[in-house]
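Structure first, commentary second.
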Amino acid sequence: MLTSSSTVDQSGFADGTREAQQVFRCCLQALSRPAIPVTIATALPRIGGMAPASAAVLLALADFETAVWLDAAARATPDISAYLRFHTGARICASPADADFALVLDPTEMPPLGSFKQGTPDYPDRSTSVLMQVARLYALGQSFKGPGIDGKATFWAAPLPRDFPEQLARNRRCFPCGVDLLFVAGNEMAGLPRSAAIQVTGSN
């Protein structure tokens with residue numbers, strides 16, 4: 001059943017083009033400089049459990065040609081899917097394997113990273129970008145190396161699945177396929193692209 005626009009929060013970007021470009025640049029910066037948080041300034045509303053910064057990312061990146069997957073926590077609030085459909089035209093898909101973008105409000109219950117669309121060697125960009133809401137971003141934690149990282153970078157977020165370091169290592173081994181990750185906490189966002197390699201203790 002179609003949702004009437006009168007029942008959807010119509011508060012989107014005040015200046016659509018300018019604000020979308022600003023958020024898009026934040027996403028590029030987060031992924032090109034892994035593990036270094038950037039600030040997303042937005043006046044968007046909180047829709048259910050979806051934070052304003054998460055809404056800003058999806059409004060900037062998703063459109064009528066993309067599919068968005070919502071985790072169970074996001075699906076539990078119909079206002080979220082209605083809001084995203086209204087403002088982006090994106091299709092809400094049932095399987096993470098079909099998603100161009102994924103919104104995860106409860107990372108502890110998220111499916112494994114390998115469940116999302118991985119892309120192909122010829123078209124690695126045809127993979128899922130996973131947007132994860134977390135309570136905190138930490139400057140210390142796991143060590144990462146790779147493109148965009150000067151030497152190594154330390155970073156972590158919480159809460160995450162207990163086996164998330166292993167999932168990240170498997171995701172890196174799929175390169176150039178695999179998924180890119182964006183972590184949002186409040187108005188801060190940090191990225192871990194598929195090219196970022198988690199360092200095992202004792203390795204060079």
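Identifiers for the structure tokens are assigned positionally: chains receive A, B, ... in sequence, residues are indexed from 1 per chain, and ligands are indexed from 1 in the order shown.
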
- Neighbours of stretch 96-103 of chain A within 7 Å (only C-alpha atoms; same-chain residues fewer than 2 positions away dropped), as a ChimeraX atom specification? /A:66-71,93-94,105,115-117,127-132

Any idea what's packed within 7 Å of A:Leu140, counting only C-alpha atoms, ignoring anything in its chain fewer than 6 positions away? Could you give it as a ChimeraX atom specification? /A:154-156

message: Measuring between only C-alpha atoms, which one of A:Val23, A:Ala135, A:Leu28, A:Leu61 shows the shortest distance to A:Ala41?
response: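 Nearest to A:Ala41: A:Val23.
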
### Task
One decimal, Å: what's the distance from atom CA of A:Gln142 over to atom CA of A:Pro193, could you say?
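Atom-to-atom, atom CA of A:Gln142 and atom CA of A:Pro193 are spaced 14.7 Å apart.
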
Among A:Ala185, A:Ile47, A:Ala139, A:Val134, A:Pro78 is approached most closely, using only C-alpha atoms, by A:Ile47

As a check of understanding: the span from atom CA of A:Ser95 to atom CA of A:Phe183 is 20.8 Å

request  = Within chain A, find each residue whose DSSP state, derived from the backbone, is alpha helix (DSSP H), and express the selection as a PyMOL selection string.
outcome  = chain A and resi 16-32+52-61+72-75+78-88+164-173

Write the selection just made, keeping N, CA and C atoms, as a short mmCIF file (atom, residue, chain, number, x, y, z; two decimals), in the first residue's frame?
```cif
data_model
loop_
_atom_site.label_atom_id
_atom_site.label_comp_id
_atom_site.auth_asym_id
_atom_site.auth_seq_id
_atom_site.Cartn_x
_atom_site.Cartn_y
_atom_site.Cartn_z
N GLY A 16 18.52 21.52 -1.11
CA GLY A 16 18.80 20.14 -1.48
C GLY A 16 20.14 19.94 -2.15
N THR A 17 20.45 20.70 -3.18
CA THR A 17 21.68 20.49 -3.93
C THR A 17 22.91 20.77 -3.08
N ARG A 18 22.92 21.91 -2.40
CA ARG A 18 24.09 22.30 -1.62
C ARG A 18 24.32 21.33 -0.46
N GLU A 19 23.28 21.01 0.28
CA GLU A 19 23.45 20.14 1.44
C GLU A 19 23.81 18.71 1.02
N ALA A 20 23.20 18.23 -0.06
CA ALA A 20 23.55 16.89 -0.54
C ALA A 20 25.01 16.83 -0.96
N GLN A 21 25.50 17.88 -1.61
CA GLN A 21 26.90 17.91 -2.01
C GLN A 21 27.82 17.94 -0.80
N GLN A 22 27.44 18.69 0.24
CA GLN A 22 28.26 18.74 1.45
C GLN A 22 28.35 17.36 2.11
N VAL A 23 27.22 16.68 2.22
CA VAL A 23 27.21 15.36 2.84
C VAL A 23 27.97 14.36 1.98
N PHE A 24 27.81 14.45 0.66
CA PHE A 24 28.54 13.57 -0.26
C PHE A 24 30.04 13.75 -0.08
N ARG A 25 30.49 15.00 0.07
CA ARG A 25 31.92 15.24 0.29
C ARG A 25 32.38 14.65 1.61
N CYS A 26 31.52 14.70 2.63
CA CYS A 26 31.86 14.08 3.93
C CYS A 26 32.05 12.57 3.76
N CYS A 27 31.17 11.94 2.98
CA CYS A 27 31.29 10.50 2.75
C CYS A 27 32.58 10.17 2.01
N LEU A 28 32.91 10.96 0.99
CA LEU A 28 34.15 10.74 0.25
C LEU A 28 35.35 10.91 1.17
N GLN A 29 35.31 11.92 2.02
CA GLN A 29 36.43 12.15 2.93
C GLN A 29 36.57 11.00 3.92
N ALA A 30 35.43 10.52 4.43
CA ALA A 30 35.47 9.44 5.41
C ALA A 30 36.07 8.17 4.81
N LEU A 31 35.78 7.90 3.55
CA LEU A 31 36.27 6.68 2.91
C LEU A 31 37.68 6.84 2.34
N SER A 32 38.05 8.07 2.00
CA SER A 32 39.40 8.28 1.46
C SER A 32 40.43 8.47 2.58
N PRO A 52 19.65 11.86 12.59
CA PRO A 52 19.70 12.85 11.52
C PRO A 52 20.90 12.70 10.59
N ALA A 53 22.07 12.37 11.13
CA ALA A 53 23.24 12.21 10.28
C ALA A 53 23.08 11.01 9.34
N SER A 54 22.47 9.93 9.82
CA SER A 54 22.22 8.78 8.95
C SER A 54 21.23 9.15 7.85
N ALA A 55 20.18 9.89 8.21
CA ALA A 55 19.22 10.33 7.22
C ALA A 55 19.90 11.20 6.17
N ALA A 56 20.81 12.07 6.61
CA ALA A 56 21.50 12.95 5.67
C ALA A 56 22.33 12.15 4.68
N VAL A 57 23.02 11.12 5.14
CA VAL A 57 23.82 10.30 4.24
C VAL A 57 22.95 9.63 3.19
N LEU A 58 21.84 9.06 3.61
CA LEU A 58 20.97 8.36 2.66
C LEU A 58 20.28 9.32 1.71
N LEU A 59 19.90 10.50 2.19
CA LEU A 59 19.29 11.48 1.28
C LEU A 59 20.31 11.96 0.25
N ALA A 60 21.58 12.00 0.63
CA ALA A 60 22.61 12.45 -0.29
C ALA A 60 23.01 11.38 -1.30
N LEU A 61 22.97 10.10 -0.91
CA LEU A 61 23.50 9.03 -1.75
C LEU A 61 22.44 8.23 -2.50
N ALA A 72 16.30 -5.15 10.98
CA ALA A 72 15.04 -5.37 11.69
C ALA A 72 14.68 -4.17 12.56
N ALA A 73 15.67 -3.55 13.18
CA ALA A 73 15.39 -2.40 14.03
C ALA A 73 14.84 -1.24 13.22
N ALA A 74 15.35 -1.04 12.00
CA ALA A 74 14.84 0.04 11.14
C ALA A 74 13.48 -0.31 10.56
N ARG A 75 13.29 -1.60 10.22
CA ARG A 75 11.99 -2.01 9.68
C ARG A 75 10.89 -1.91 10.71
N PRO A 78 7.96 1.91 10.61
CA PRO A 78 7.56 2.14 9.22
C PRO A 78 7.85 3.56 8.74
N ASP A 79 7.94 4.51 9.67
CA ASP A 79 8.22 5.89 9.27
C ASP A 79 9.55 6.01 8.55
N ILE A 80 10.51 5.12 8.87
CA ILE A 80 11.83 5.21 8.25
C ILE A 80 11.74 4.88 6.76
N SER A 81 11.13 3.76 6.43
CA SER A 81 11.01 3.40 5.01
C SER A 81 10.17 4.41 4.26
N ALA A 82 9.11 4.91 4.88
CA ALA A 82 8.26 5.92 4.23
C ALA A 82 9.05 7.20 3.97
N TYR A 83 9.86 7.60 4.94
CA TYR A 83 10.66 8.81 4.81
C TYR A 83 11.67 8.67 3.67
N LEU A 84 12.35 7.53 3.61
CA LEU A 84 13.36 7.33 2.57
C LEU A 84 12.72 7.24 1.19
N ARG A 85 11.59 6.56 1.09
CA ARG A 85 10.90 6.49 -0.20
C ARG A 85 10.49 7.89 -0.67
N PHE A 86 9.93 8.67 0.25
CA PHE A 86 9.42 9.99 -0.10
C PHE A 86 10.54 10.92 -0.56
N HIS A 87 11.66 10.91 0.16
CA HIS A 87 12.71 11.89 -0.10
C HIS A 87 13.74 11.44 -1.14
N THR A 88 13.87 10.13 -1.37
CA THR A 88 14.88 9.66 -2.31
C THR A 88 14.30 8.91 -3.49
N PHE A 164 33.44 -9.16 14.64
CA PHE A 164 33.58 -8.16 13.60
C PHE A 164 35.01 -8.03 13.07
N PRO A 165 36.05 -8.14 13.89
CA PRO A 165 37.41 -8.10 13.32
C PRO A 165 37.62 -9.19 12.27
N GLU A 166 37.12 -10.39 12.54
CA GLU A 166 37.25 -11.47 11.56
C GLU A 166 36.46 -11.17 10.30
N GLN A 167 35.28 -10.57 10.46
CA GLN A 167 34.49 -10.20 9.30
C GLN A 167 35.22 -9.15 8.45
N LEU A 168 35.86 -8.20 9.10
CA LEU A 168 36.61 -7.18 8.36
C LEU A 168 37.78 -7.81 7.60
N ALA A 169 38.44 -8.76 8.22
CA ALA A 169 39.57 -9.42 7.55
C ALA A 169 39.07 -10.17 6.32
N ARG A 170 37.94 -10.86 6.43
CA ARG A 170 37.39 -11.58 5.27
C ARG A 170 36.96 -10.60 4.19
N ASN A 171 36.39 -9.48 4.60
CA ASN A 171 35.96 -8.46 3.63
C ASN A 171 37.17 -7.94 2.85
N ARG A 172 38.29 -7.72 3.51
CA ARG A 172 39.49 -7.23 2.84
C ARG A 172 40.06 -8.27 1.86
N ARG A 173 39.95 -9.54 2.23
CA ARG A 173 40.48 -10.58 1.35
C ARG A 173 39.69 -10.69 0.05
#
```

Worksheet item: Per DSSP on the backbone, what are the strand (DSSP E or B) residues of stretch 72-200 of chain A, as a PyMOL selection string?
Response: chain A and resi 91-93+101-104+118+127+129-133+136-145+153-158+180-185+188-192+197-198

Measuring atom to atom with only C-alpha atoms, identify which of A:Ser195, A:Asp15, A:Arg46, A:Asp9 is nearest to A:Gly146.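 Closest residue, counting only C-alpha atoms: A:Ser195.
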
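Of the listed residues (A:Asn187, A:Thr120, A:Thr108, A:Thr77), A:Asn187 comes nearest to A:Leu137; the distances count only C-alpha atoms.
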
Given only C-alpha atoms as the counted atoms, nearest of A:Leu181, A:Val38, A:Met110, A:Met189 to A:Arg162 |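 Among the listed residues, A:Met110 lies closest to A:Arg162.
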
If you count only C-alpha atoms, the residue of A:Arg136, A:Arg126, A:Arg33, A:Lys145 closest to A:Cys177 turns out to be A:Arg126

In Å and to one decimal, atom CA of A:Pro112 is distant from atom CA of A:Asp150 by 28.6 Å
